[in-house]
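The file run08.tsv contains TSV, C-alpha atoms (C1' of nucleotides):
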chain	number	residue	atom	x	y	z
A	1	MET	CA	19.71	18.18	22.18
A	2	PHE	CA	18.98	16.16	19.07
A	3	LYS	CA	21.69	14.26	17.27
A	4	ASP	CA	21.68	14.30	13.50
A	5	LEU	CA	20.02	11.41	11.78
A	6	ASP	CA	21.87	9.88	8.88
A	7	PRO	CA	19.95	11.18	5.85
A	8	LEU	CA	20.54	7.93	4.01
A	9	LEU	CA	18.63	6.03	6.65
A	10	LEU	CA	15.95	8.68	6.94
A	11	SER	CA	13.98	6.87	4.27
A	12	GLN	CA	11.43	4.20	4.87
A	13	GLN	CA	12.64	1.93	2.13
A	14	ARG	CA	16.35	2.26	2.82
A	15	LEU	CA	15.77	1.75	6.53
A	16	ALA	CA	13.78	-1.39	5.74
A	17	ILE	CA	16.55	-2.70	3.49
A	18	MET	CA	19.15	-2.12	6.19
A	19	SER	CA	16.86	-3.59	8.78
A	20	ILE	CA	16.65	-6.83	6.83
A	21	LEU	CA	20.35	-6.95	6.14
A	22	VAL	CA	21.37	-6.24	9.70
A	23	SER	CA	19.55	-9.38	10.83
A	24	ALA	CA	19.85	-11.55	7.76
A	25	ASP	CA	23.43	-10.62	7.01
A	26	GLU	CA	22.88	-11.54	3.40
A	27	ALA	CA	19.81	-11.41	1.21
A	28	ASP	CA	19.04	-11.20	-2.45
A	29	PHE	CA	17.35	-8.55	-4.53
A	30	VAL	CA	14.09	-10.40	-5.02
A	31	PHE	CA	13.78	-11.34	-1.36
A	32	ILE	CA	14.25	-7.78	-0.22
A	33	LYS	CA	11.94	-6.51	-2.91
A	34	GLU	CA	9.17	-8.74	-1.65
A	35	LYS	CA	9.76	-8.08	2.04
A	36	THR	CA	9.83	-4.31	1.63
A	37	GLY	CA	7.20	-4.02	-1.08
A	38	ALA	CA	9.51	-1.73	-3.04
A	39	THR	CA	9.33	-1.70	-6.80
A	40	ALA	CA	12.38	-3.10	-8.53
A	41	GLY	CA	13.23	0.38	-9.78
A	42	ASN	CA	13.22	1.92	-6.36
A	43	LEU	CA	15.13	-0.95	-4.85
A	44	SER	CA	17.72	-0.75	-7.57
A	45	SER	CA	18.48	2.90	-6.87
A	46	HIS	CA	18.29	2.54	-3.10
A	47	ILE	CA	20.86	-0.24	-3.00
A	48	GLU	CA	23.01	1.81	-5.35
A	49	LYS	CA	23.05	4.64	-2.83
A	50	LEU	CA	23.65	2.37	0.13
A	51	ASN	CA	26.49	0.81	-1.79
A	52	GLU	CA	28.04	4.18	-2.66
A	53	ALA	CA	27.95	5.00	1.05
A	54	GLY	CA	29.76	1.74	1.77
A	55	TYR	CA	26.85	0.38	3.80
A	56	LEU	CA	26.45	-2.78	1.75
A	57	GLU	CA	28.13	-4.85	-0.92
A	58	ILE	CA	26.42	-5.84	-4.12
A	59	ASP	CA	27.30	-9.15	-5.66
A	60	LYS	CA	25.83	-9.90	-9.07
A	61	PHE	CA	26.15	-13.18	-10.88
A	62	ILE	CA	24.25	-15.69	-12.99
A	63	GLU	CA	22.72	-18.64	-11.24
A	64	LYS	CA	20.69	-21.30	-13.02
A	65	LYS	CA	20.76	-19.07	-16.06
A	66	ARG	CA	19.11	-16.23	-14.12
A	67	PRO	CA	20.79	-13.10	-12.85
A	68	ARG	CA	20.97	-12.95	-9.10
A	69	THR	CA	21.97	-9.99	-6.98
A	70	VAL	CA	23.02	-10.65	-3.42
A	71	LEU	CA	23.38	-7.89	-0.85
A	72	LYS	CA	25.49	-8.05	2.26
A	73	ILE	CA	25.78	-5.42	4.94
A	74	THR	CA	29.27	-4.12	5.74
A	75	PRO	CA	30.71	-3.30	9.19
A	76	LYS	CA	30.28	0.34	8.24
A	77	GLY	CA	26.64	-0.34	7.45
A	78	ILE	CA	26.12	-2.04	10.80
A	79	ASP	CA	27.66	0.94	12.57
A	80	ALA	CA	25.48	3.36	10.65
A	81	PHE	CA	22.40	1.38	11.54
A	82	ASP	CA	23.34	1.18	15.21
A	83	ASP	CA	24.09	4.89	15.35
A	84	TYR	CA	20.79	5.65	13.71
A	85	VAL	CA	18.89	3.62	16.26
A	86	LYS	CA	20.72	5.30	19.12
A	87	ALA	CA	20.08	8.76	17.72
A	88	LEU	CA	16.43	7.96	17.18
A	89	GLN	CA	15.97	7.21	20.86
A	90	ASP	CA	16.39	10.92	21.60
A	91	TYR	CA	13.49	11.71	19.34
A	92	ILE	CA	11.02	9.01	20.16
A	93	ARG	CA	11.48	8.81	23.92
A	94	LYS	CA	8.77	11.00	25.39
B	1	MET	CA	6.27	-7.08	7.36
B	2	PHE	CA	6.99	-3.37	7.62
B	3	LYS	CA	4.27	-0.91	8.49
B	4	ASP	CA	4.18	2.38	6.64
B	5	LEU	CA	5.85	5.30	8.34
B	6	ASP	CA	3.94	8.58	8.33
B	7	PRO	CA	5.80	10.62	5.68
B	8	LEU	CA	5.21	13.80	7.67
B	9	LEU	CA	7.21	12.41	10.56
B	10	LEU	CA	9.85	10.92	8.33
B	11	SER	CA	11.78	14.15	8.59
B	12	GLN	CA	14.37	14.93	11.19
B	13	GLN	CA	13.13	18.41	11.89
B	14	ARG	CA	9.43	17.60	12.01
B	15	LEU	CA	10.09	14.60	14.20
B	16	ALA	CA	12.11	16.82	16.55
B	17	ILE	CA	9.30	19.37	16.68
B	18	MET	CA	6.74	16.70	17.51
B	19	SER	CA	9.12	15.15	20.00
B	20	ILE	CA	9.32	18.42	21.90
B	21	LEU	CA	5.60	19.05	21.74
B	22	VAL	CA	4.64	15.58	22.84
B	23	SER	CA	6.52	16.10	26.10
B	24	ALA	CA	6.20	19.84	26.54
B	25	ASP	CA	2.58	20.00	25.44
B	26	GLU	CA	3.08	23.63	24.52
B	27	ALA	CA	6.12	25.51	23.29
B	28	ASP	CA	6.82	28.65	21.35
B	29	PHE	CA	8.41	29.21	17.99
B	30	VAL	CA	11.68	30.57	19.29
B	31	PHE	CA	12.09	27.84	21.87
B	32	ILE	CA	11.59	25.10	19.30
B	33	LYS	CA	13.82	26.88	16.84
B	34	GLU	CA	16.65	26.87	19.36
B	35	LYS	CA	16.13	23.31	20.55
B	36	THR	CA	15.98	21.86	17.07
B	37	GLY	CA	18.55	24.13	15.47
B	38	ALA	CA	16.18	24.73	12.56
B	39	THR	CA	16.29	28.02	10.75
B	40	ALA	CA	13.22	30.19	11.21
B	41	GLY	CA	12.33	29.63	7.57
B	42	ASN	CA	12.37	25.86	7.85
B	43	LEU	CA	10.53	25.89	11.13
B	44	SER	CA	7.87	28.14	9.68
B	45	SER	CA	7.11	25.76	6.85
B	46	HIS	CA	7.37	22.63	8.97
B	47	ILE	CA	4.82	23.84	11.49
B	48	GLU	CA	2.62	24.89	8.60
B	49	LYS	CA	2.60	21.33	7.33
B	50	LEU	CA	2.08	19.81	10.75
B	51	ASN	CA	-0.79	22.21	11.26
B	52	GLU	CA	-2.38	21.34	7.91
B	53	ALA	CA	-2.24	17.70	8.97
B	54	GLY	CA	-3.98	18.60	12.20
B	55	TYR	CA	-1.03	17.52	14.32
B	56	LEU	CA	-0.63	20.84	16.10
B	57	GLU	CA	-2.35	24.15	16.69
B	58	ILE	CA	-0.69	27.44	15.98
B	59	ASP	CA	-1.55	30.37	18.19
B	60	LYS	CA	-0.14	33.74	17.16
B	61	PHE	CA	-0.44	36.92	19.17
B	62	ILE	CA	1.47	40.00	20.28
B	63	GLU	CA	3.09	39.93	23.67
B	64	LYS	CA	5.11	42.83	25.06
B	65	LYS	CA	4.94	44.40	21.63
B	66	ARG	CA	6.58	41.33	20.06
B	67	PRO	CA	4.90	38.65	18.00
B	68	ARG	CA	4.78	35.31	19.68
B	69	THR	CA	3.77	31.99	18.17
B	70	VAL	CA	2.79	29.18	20.49
B	71	LEU	CA	2.45	25.60	19.29
B	72	LYS	CA	0.41	22.93	20.96
B	73	ILE	CA	0.13	19.31	19.94
B	74	THR	CA	-3.36	17.94	19.23
B	75	PRO	CA	-4.72	14.51	20.18
B	76	LYS	CA	-4.36	13.59	16.52
B	77	GLY	CA	-0.74	14.67	16.69
B	78	ILE	CA	-0.14	12.55	19.77
B	79	ASP	CA	-1.67	9.55	18.02
B	80	ALA	CA	0.44	10.09	14.94
B	81	PHE	CA	3.57	10.30	17.04
B	82	ASP	CA	2.70	7.16	19.00
B	83	ASP	CA	1.91	5.25	15.83
B	84	TYR	CA	5.17	6.37	14.31
B	85	VAL	CA	7.13	5.12	17.28
B	86	LYS	CA	5.33	1.78	17.21
B	87	ALA	CA	5.91	1.36	13.49
B	88	LEU	CA	9.57	2.24	13.86
B	89	GLN	CA	10.09	-0.62	16.27
B	90	ASP	CA	9.65	-3.06	13.39
B	91	TYR	CA	12.50	-1.41	11.56
B	92	ILE	CA	15.00	-0.80	14.29
B	93	ARG	CA	14.64	-4.00	16.28
B	94	LYS	CA	17.33	-6.31	15.05
C	1	DA	C1'	15.02	62.39	15.23
C	2	DT	C1'	16.77	59.07	12.58
C	3	DA	C1'	19.84	55.45	11.07
C	4	DA	C1'	21.27	50.88	12.14
C	5	DA	C1'	20.52	46.61	14.31
C	6	DT	C1'	17.49	43.01	16.26
C	7	DA	C1'	13.38	40.09	16.64
C	8	DA	C1'	10.06	37.10	14.76
C	9	DG	C1'	8.55	35.21	11.16
C	10	DT	C1'	7.28	34.23	5.82
C	11	DT	C1'	8.24	33.61	0.97
C	12	DT	C1'	10.95	32.14	-2.75
C	13	DG	C1'	14.04	29.45	-5.58
C	14	DA	C1'	17.42	26.07	-6.48
C	15	DA	C1'	19.01	21.44	-5.52
C	16	DA	C1'	18.24	16.93	-3.99
C	17	DT	C1'	14.90	12.97	-3.44
C	18	DA	C1'	11.40	9.85	-4.27
C	19	DC	C1'	8.50	7.32	-7.05
C	20	DA	C1'	6.48	5.10	-10.87
C	21	DA	C1'	6.56	4.16	-15.59
C	22	DA	C1'	9.11	2.80	-19.37
C	23	DC	C1'	12.66	0.18	-20.84
C	24	DC	C1'	16.10	-3.83	-21.65
C	25	DA	C1'	17.97	-8.56	-22.06
C	26	DA	C1'	17.59	-13.28	-21.40
C	27	DA	C1'	14.86	-17.37	-20.47
C	28	DT	C1'	10.60	-19.92	-20.46
C	29	DT	C1'	5.97	-21.27	-21.71
C	30	DG	C1'	1.88	-21.99	-24.70
D	1	DC	C1'	7.81	-18.51	-32.62
D	2	DA	C1'	5.14	-15.17	-30.17
D	3	DA	C1'	3.94	-13.86	-25.69
D	4	DT	C1'	5.08	-13.82	-20.94
D	5	DT	C1'	8.07	-13.91	-17.04
D	6	DT	C1'	12.23	-12.86	-14.51
D	7	DG	C1'	15.53	-9.73	-12.88
D	8	DG	C1'	16.79	-5.81	-13.08
D	9	DT	C1'	18.19	-0.40	-14.81
D	10	DT	C1'	17.16	4.19	-16.61
D	11	DT	C1'	14.39	8.14	-17.09
D	12	DG	C1'	11.21	11.86	-16.04
D	13	DT	C1'	8.39	14.34	-13.23
D	14	DA	C1'	6.54	15.67	-8.87
D	15	DT	C1'	7.64	16.56	-4.19
D	16	DT	C1'	10.64	17.88	-0.49
D	17	DT	C1'	14.25	20.18	1.64
D	18	DC	C1'	17.04	23.89	2.80
D	19	DA	C1'	18.98	28.28	2.90
D	20	DA	C1'	18.85	32.92	1.41
D	21	DA	C1'	16.18	36.89	0.78
D	22	DC	C1'	12.48	39.47	2.31
D	23	DT	C1'	8.93	41.73	5.55
D	24	DT	C1'	7.25	44.23	9.47
D	25	DA	C1'	7.74	46.02	13.79
D	26	DT	C1'	10.85	47.31	17.70
D	27	DT	C1'	14.92	48.76	19.99
D	28	DT	C1'	19.34	50.91	20.49
D	29	DA	C1'	22.86	54.20	19.23
D	30	DT	C1'	24.22	58.81	17.52

Can you present the structure in this file as structure tokens?
Amino acid sequence: MFKDLDPLLLSQQRLAIMSILVSADEADFVFIKEKTGATAGNLSSHIEKLNEAGYLEIDKFIEKKRPRTVLKITPKGIDAFDDYVKALQDYIRK
Amino acid sequence: MFKDLDPLLLSQQRLAIMSILVSADEADFVFIKEKTGATAGNLSSHIEKLNEAGYLEIDKFIEKKRPRTVLKITPKGIDAFDDYVKALQDYIRK
DNA sequence: ATAAATAAGTTTGAAATACAAACCAAATTG
DNA sequence: CAATTTGGTTTGTATTTCAAACTTATTTAT
């Protein structure tokens, strides 16, 4: 009756991160931090996990003498997000 | 940008329980256990939490010499579910 | 009549998760 | 040059999750 929900996306903050990336395609650490309201610490470990799962790529470099971390969703990440949304429909449709 | 998601409903099993109750209005322990695939132990503690939050009522009695536990969603539970669904839209709408 | 199995839950304990606080390194500002 | 800001990472504890073990009462089999 109910499909399994990807445990990685069953988290408010990770879902918000993926939600931004699925539309924005690419966004940096600070932008996502502000949009989601996550602390830097939480965001750091969340993107780590999403990266380990292959849902996003992390690109770190120095720009204007400041570190910058850019995140980009992968095809696998898009699929995971789409699947999650589909599965959710079973739960939230009265 | 993103509304908070009720942490109680941010759980596959509890969301499934509420999903059943919001349509069925009333359902018993065994029925929900089978529909959700939860173990009895997990279901027992999940409904405990949902009950503490005032999202459902637990009615226990003996029927045909067997214990029976009937769950019923409360108005507060319905509201929580509706709010959760609304809040989710912000996340899952690309 | 009694031993074994089933039904309907609850309690417990270990493992995973989440969250915030503390930390670090480099750059900038007063 | 000391203090603050920026952009993060690491650490520690508190909570949550999940399954296994347990309980109590009822059937079924012998």

Would you mind listing, as a PyMOL selection string, all residues of chain B that have at least one atom within 9 Å of chain C, where all atoms listed in the file are what counts?
chain B and resi 29-30+40-41+44-45+66-69

Spatial neighbours of segment 1-3 of chain A, 7 Å, all atoms listed in the file, chain gap at least 2 places, as a list in words:
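So, after excluding close chain neighbours, the residues are Leu5, Ala87 and Asp90 of chain A; Lys35 and Thr36 of chain B.
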
Residue neighbourhood Gly77 of chain A, 10 Å, all atoms listed in the file, exclusion window fewer than 3 positions, as a count of residues only
17

For chain B, list the residues within 12 Å of chain D, counting all atoms listed in the file, and write the list as a PyMOL selection string.
chain B and resi 7-8+10-14+38-43+45-46+49+62+64-67

Hey, which of B:Arg93, B:Leu9, B:Ile47, B:Val85 ends up closest to Val70 of chain B? Count all atoms listed in the file.
B:Ile47

Best match for closeness to chain A among B:Ser19, B:Phe61, B:Lys33, B:Leu88, counting all atoms listed in the file
B:Ser19

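What chain A places within 6 Å of chain B, counting all atoms listed in the file, is Ala16, Ser19, Ser23, Tyr91 and Lys94 of chain A.
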
Write the residues of the selection above to a file with C-alpha atoms, as a CSV table (one decimal), in the frame of the given file.
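Final output, result-v7.csv:
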chain,number,residue,atom,x,y,z
A,16,ALA,CA,13.8,-1.4,5.7
A,19,SER,CA,16.9,-3.6,8.8
A,23,SER,CA,19.6,-9.4,10.8
A,91,TYR,CA,13.5,11.7,19.3
A,94,LYS,CA,8.8,11.0,25.4

Suppose you want the space between atom CA of Asp59 of chain B and atom CA of Leu71 of chain B; what is it in Å?
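Interatomic distance here is 6.3 Å.
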
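A straight line drawn from atom CA of Glu52 of chain A to atom CA of Asp79 of chain A is 15.6 Å long.
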
What does the distance from atom CA of Lys60 of chain A to atom CA of Lys76 of chain A come to in Å, to one decimal?
20.6 Å
